[in-house]
Each structure stands twice: as structure tokens, then as C-alpha cells.
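Q: Mind having a look at this structure? Questions to follow.
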Amino acid sequence: MTSALFSPITMRGLTLPNRIVVSPMCQYNSDNGSANDWHLMHLGSFSLGAAGLVMTEMTNVNPQGRISPKCAGMWSDANEAALKRVHDFCRTYGVAKLGVQLAHAGRKGPTTVPAAGGKPILEGPDAWTPEAPSAIPYDTGWAVPHAMTKDDIKRLLREFADATKRVDRIGYDVVELHGAHGYLAHQFLSPLSNQRTDEYGGSLENRMRFPIEMYEAVRAAWPENKPIGMRVSATDWVDGGWTPEETVVLAKELKKRGIDYIDVSTGGLSPQQKIPLSPGYQVPFGEKVRKEAGVKTMSVGLIAGVKQAEDIIASGKADFVVLGRGIMYDPRWAWHAAEELGADTAYAPKMMACHPKLRPQLFPNRAVS
């Protein structure tokens, strides 16, 4: 029996051997935006065979775009050199393709790290004035953001392009743009956070303008043979907010401009959201985008079971499954899934001794534990 989960898929010049993606996961452990030994371990481990594609965490294009002072960045030569060290380790020892998620947090920074409560930082050396579409704070007690001018928007588009060029110099295969979870691009999309009266606010066409321009700036700076995706929140889970139907319109517009996939998540824009959590609860939104916009999609959100993941791909609900917590719990998830489904998947050369098919041949005269 052929496994849909372990079937190859091609986007532009990149072919992935399976449909499993390690989700971008914020680590809140960078030094002025730069990766360190933690990232070498975290991403290096996943690169050994956790998935076909391993994504680096939300990586911000300027210091003001971070969620916390410990978030990753790609605005300086030091950031570039530090992430190249991690990338090169993954290339040398791993088997996965590699991507980076570029982003700007907008009004959702600055905060303390989640382990310290994720509370807004309003004063002191770690505080800054966030920038956003409108001067509307995320919640009561949060910093009031600077409403971006058109010059601010132009500057930020250049910063996205500059960060993209750095990611390309490092050697990554994929760029994903973060347009979800209440961060800046999502703030432009939702009428709850965007109350502008110029061409970047009001109508759906206007609210989509910045995310589309962000994509166009990155596409122009990224090699033609390398794919670009965008993570979106298909709904705010708040009345009067961004909707699944608007998500389909956005996906169609991005498809016209050559986007390679949409990574469909939900929520994150408002503390008023009410999310009905359950295994695979976001999959129907990705299925809607895939069928109605005709674009490749990734599904994310409480996907952990092997048969669940196989069914999502086999039934045409999505083209990829994106795993976060499940793959943190089991960094060899793909190996175990392949065994369960009777499929083959890559092992890093230095890990081949643990391959089920090779244990008897490698160790014929000893018991294998």
C-alpha cells in the first residue's frame, strides 16, 4: 500500500520526499536576534529525519518587529552569520529541506517570554513602541502602537526584501511569510485591528494590500526556482473579524502572483477569541482554501496521530501536515509514522544504525536494544 503522507511533492525547483513539515516554533532564546547553541540543537535534531521540511521559527525583519527581546531576527550581519552556522550543521548532518518564516509582530510586542508570563513590557531597556496599521493596542494594558505611515510601510517592505536576500545567501530552500496569529500582516487584514482610512484600510481589497505587497517584495528578492508560502489565520474567531471567505479571496490573489502554498492556521488577533480546540480543528479551513482557491495548503493544529495525518493527505484535505507540539514530543515522528504505514523515509547517515531494516545486518552477533 502506497502512503499519501510519504509521497513526494514538487514546488518550483524543490521536491520534498514527504508531506510532513516541522512547524515554525518560537524559541524565545535568541541573542539580539541571533541564533545560538540552542537553535543548533533544536533544529539540528529535527533535520536528522523528523520531516521533509523543517521550518525555522518566526524570524523578524527588524528589532521592532519582535514579540519579545529574545525573539529571532534577520536584520544584521550577526543574525545572518549565526543562522548560517545552524543551517550549515543541518545541511551537513541532516536530510531535511530547510525553510525560514519571516515576520513582524506589530502590536503584539514587546512582551516578556511565555515562561515569564508573556506580559507586555511598557518601560525599561527592553521596551519599545510597536508599529501597527492603526493605533489600537492588542488589549487593555498593552502598549499603544504607532500607526504606520506610508513611508513606514515602504521602509518595512524593503526590510522584508533585505531579510529575504540574507536568507537566500545562507542557502535556505523555502521562505514562509507570517500573515497569521495576530501579527502585523494579519493586523492589516482584520477590520478589528485595521481602522485606516487610506488605501491600506477599509475595503477587503485595501486591507489585503500590505500582505500582497509584502509577498511581492519578497518574491522579487527570492530566486525564481525557490518556493514561497504564507501562513494565514483563516478566522479571528471573533464576530466582525477576518473570515474564512476573505481568506479564500486572499489566497486567490496570492495565487495569481505565484505563491506556492498557504499554511492555514486560525486565531491570535484578539483576546476575545473563542477557539473550539479539538484534534485537527483547523483542517476544514485549509480544505476550504485548497478547494476554493486551488492552491497547495498546509494544515496545522493539534495533528499528532499518524492515521489522522495520513487521512488528511489521502482525502485531499491538505497537501502537507505541519507538526509542532507532536514533533517536539517525538522528534523521530516521521520514522515511526513510516513504520506504522509501511513506508520508507530518509534517515541521516549517522543515524542509520537505528534503522529497523539495518539493525540485524549491522549487528549480526549481538543483541540489539
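Following the order of the C-alpha cells, chains are lettered A, B, ..., residues in each are numbered from 1, and ligands are numbered from 1.
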When DSSP works through the backbone of this structure, what residues of region 117-284 of chain A end up as alpha helix (DSSP H), shown as a ChimeraX atom specification?
A: /A:150-170,184-189,204-207,209-221,244-256,283-284
Q: Per residue of region 26-66 of chain A within 10 Å of region 79-95 of chain A, record the nearest atom pair and its distance in Å to one decimal, counting only C-alpha atoms, with rows in chain order and ascending residue number, as JSON lines.
A:
{"residue": "A:Ser30", "atom": "CA", "partner": "A:Asn79", "partner_atom": "CA", "distance": 9.4}
{"residue": "A:Asp31", "atom": "CA", "partner": "A:Asn79", "partner_atom": "CA", "distance": 8.9}
{"residue": "A:Asn32", "atom": "CA", "partner": "A:Asn79", "partner_atom": "CA", "distance": 8.1}
{"residue": "A:Gly33", "atom": "CA", "partner": "A:Asn79", "partner_atom": "CA", "distance": 6.0}
{"residue": "A:Ser34", "atom": "CA", "partner": "A:Asn79", "partner_atom": "CA", "distance": 4.4}
{"residue": "A:Ala35", "atom": "CA", "partner": "A:Ala82", "partner_atom": "CA", "distance": 5.3}
{"residue": "A:Asn36", "atom": "CA", "partner": "A:Ala82", "partner_atom": "CA", "distance": 6.7}
{"residue": "A:Asp37", "atom": "CA", "partner": "A:Val86", "partner_atom": "CA", "distance": 8.3}
{"residue": "A:Trp38", "atom": "CA", "partner": "A:Val86", "partner_atom": "CA", "distance": 9.6}
{"residue": "A:His39", "atom": "CA", "partner": "A:Val86", "partner_atom": "CA", "distance": 6.8}
{"residue": "A:Leu40", "atom": "CA", "partner": "A:Val86", "partner_atom": "CA", "distance": 5.0}
{"residue": "A:Met41", "atom": "CA", "partner": "A:Val86", "partner_atom": "CA", "distance": 8.6}
{"residue": "A:His42", "atom": "CA", "partner": "A:Val86", "partner_atom": "CA", "distance": 9.5}
{"residue": "A:Leu43", "atom": "CA", "partner": "A:Cys90", "partner_atom": "CA", "distance": 7.3}
{"residue": "A:Gly44", "atom": "CA", "partner": "A:Cys90", "partner_atom": "CA", "distance": 5.2}
{"residue": "A:Ser45", "atom": "CA", "partner": "A:Gly94", "partner_atom": "CA", "distance": 8.2}
{"residue": "A:Phe46", "atom": "CA", "partner": "A:Gly94", "partner_atom": "CA", "distance": 8.1}
{"residue": "A:Ser47", "atom": "CA", "partner": "A:Gly94", "partner_atom": "CA", "distance": 4.7}
{"residue": "A:Leu48", "atom": "CA", "partner": "A:Gly94", "partner_atom": "CA", "distance": 4.3}
{"residue": "A:Gly49", "atom": "CA", "partner": "A:Val95", "partner_atom": "CA", "distance": 6.1}
{"residue": "A:Ala50", "atom": "CA", "partner": "A:Val95", "partner_atom": "CA", "distance": 9.1}
{"residue": "A:Ala51", "atom": "CA", "partner": "A:Val95", "partner_atom": "CA", "distance": 8.8}
{"residue": "A:Gly52", "atom": "CA", "partner": "A:Val95", "partner_atom": "CA", "distance": 8.0}
{"residue": "A:Leu53", "atom": "CA", "partner": "A:Val95", "partner_atom": "CA", "distance": 9.2}
{"residue": "A:Val54", "atom": "CA", "partner": "A:Cys90", "partner_atom": "CA", "distance": 9.7}
{"residue": "A:Thr56", "atom": "CA", "partner": "A:Leu83", "partner_atom": "CA", "distance": 9.4}
{"residue": "A:Thr59", "atom": "CA", "partner": "A:Asn79", "partner_atom": "CA", "distance": 9.9}
Q: To test your reading of the structure, identify every residue in region 125-277 of chain A that backbone DSSP assigns to strand (DSSP E), and report it as a PyMOL selection string.
A: chain A and resi 131-132+146-147+174-179+228-233+261-265
Q: Work out how far CA of Gly267 (chain A) is from CA of Val283 (chain A), in Å to one decimal.
A: 13.5 Å
Q: Hey, what's within 12 Å of region 3-17 of chain A if we count only C-alpha atoms and toss same-chain stuff fewer than 4 positions away? As a VMD selection string, please?
A: chain A and resid 21 49 to 54 95 to 99 172 to 174 223 to 229 258 to 261 295 to 297 306 to 322 334 to 335 337 to 347
Q: For a test of reading the model, state the distance in Å between CA of Gln64 (chain A) and CA of Trp242 (chain A), rounded to one decimal.
A: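 We find that CA of Gln64 (chain A) and CA of Trp242 (chain A) lie 24.7 Å from each other.
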Q: Considering only C-alpha atoms, give me a table of residues in region 81-162 of chain A that are at most 7 Å from region 189-211 of chain A, with the closest atom pair and distance in Å for each, as CSV.
A:
residue,atom,partner,partner_atom,distance
A:Pro133,CA,A:Asn194,CA,5.6
A:Ser134,CA,A:Asn194,CA,5.6
A:Ile136,CA,A:Ser193,CA,6.5
Q: Could you please take those selected residues and save N, CA, C and O atoms as a CSV table (one decimal), in the first residue's frame?
A:
chain,number,residue,atom,x,y,z
A,133,PRO,N,-0.9,48.8,11.9
A,133,PRO,CA,-1.8,49.6,10.9
A,133,PRO,C,-2.5,50.7,11.6
A,133,PRO,O,-2.6,51.8,11.0
A,134,SER,N,-3.0,50.5,12.8
A,134,SER,CA,-3.7,51.6,13.5
A,134,SER,C,-3.2,51.6,14.9
A,134,SER,O,-2.7,50.7,15.4
A,136,ILE,N,-4.2,51.0,17.8
A,136,ILE,CA,-5.1,50.2,18.6
A,136,ILE,C,-4.3,49.1,19.3
A,136,ILE,O,-3.7,48.2,18.7
Q: For Tyr28 (chain A), which residue out of A:Ser265, A:Ser76, A:Gln273, A:Thr112 is the nearest one, using only C-alpha atoms?
A: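 For Tyr28 (chain A), the nearest of the candidates is A:Thr112.
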Q: Choose the residue, out of A:Pro244, A:Glu131, A:Val22, A:Val264, that has the smallest atom-to-atom separation from Thr149 (chain A); count only C-alpha atoms.
A: A:Glu131
Q: Using only C-alpha atoms, I'd like a table of the residues in region 287-338 of chain A that come within 8 Å of region 248-255 of chain A; for each, show the closest atom pair and its distance in Å rounded to one decimal, ordered by chain and ascending number, as a tab-separated table.
A:
residue	atom	partner	partner_atom	distance
A:Lys288	CA	A:Val248	CA	7.6
A:Val289	CA	A:Val248	CA	5.3
A:Glu292	CA	A:Val248	CA	6.7
A:Ala293	CA	A:Lys252	CA	5.1
A:Gly294	CA	A:Lys252	CA	7.7
A:Val295	CA	A:Lys255	CA	6.7
Q: Quick one: everything within 7 Å of Ala105 (chain A), counting only C-alpha atoms, minus sequence neighbours fewer than 6 positions away in the same chain. Send it as a count of residues only.
A: 5
Q: Of the residues A:Pro130, A:Ala135, A:Met25, A:Met58, which is the one nearest to Met230 (chain A), using only C-alpha atoms?
A: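 Between A:Pro130, A:Ala135, A:Met25, A:Met58, the residue approaching Met230 (chain A) most closely is A:Met58.
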Q: So the first atom is CA of Glu287 (chain A) and the second is CA of Ile327 (chain A); what is the distance between them in Å, to one decimal place?
A: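 Interatomic distance here is 22.3 Å.
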Q: So which one's closest to Gly301 (chain A), A:Leu323, A:Pro284, A:Cys26, A:Ala348? Using only C-alpha atoms, please.
A: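 Of all the options, A:Leu323 lies closest to Gly301 (chain A).
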Q: Skip Arg158 (chain A) itself and residues of its chain fewer than 5 positions away, then list as a ChimeraX atom specification all residues within 10 Å of it, counting only C-alpha atoms.
A: /A:61,152-153,163-164,214,217-218,221
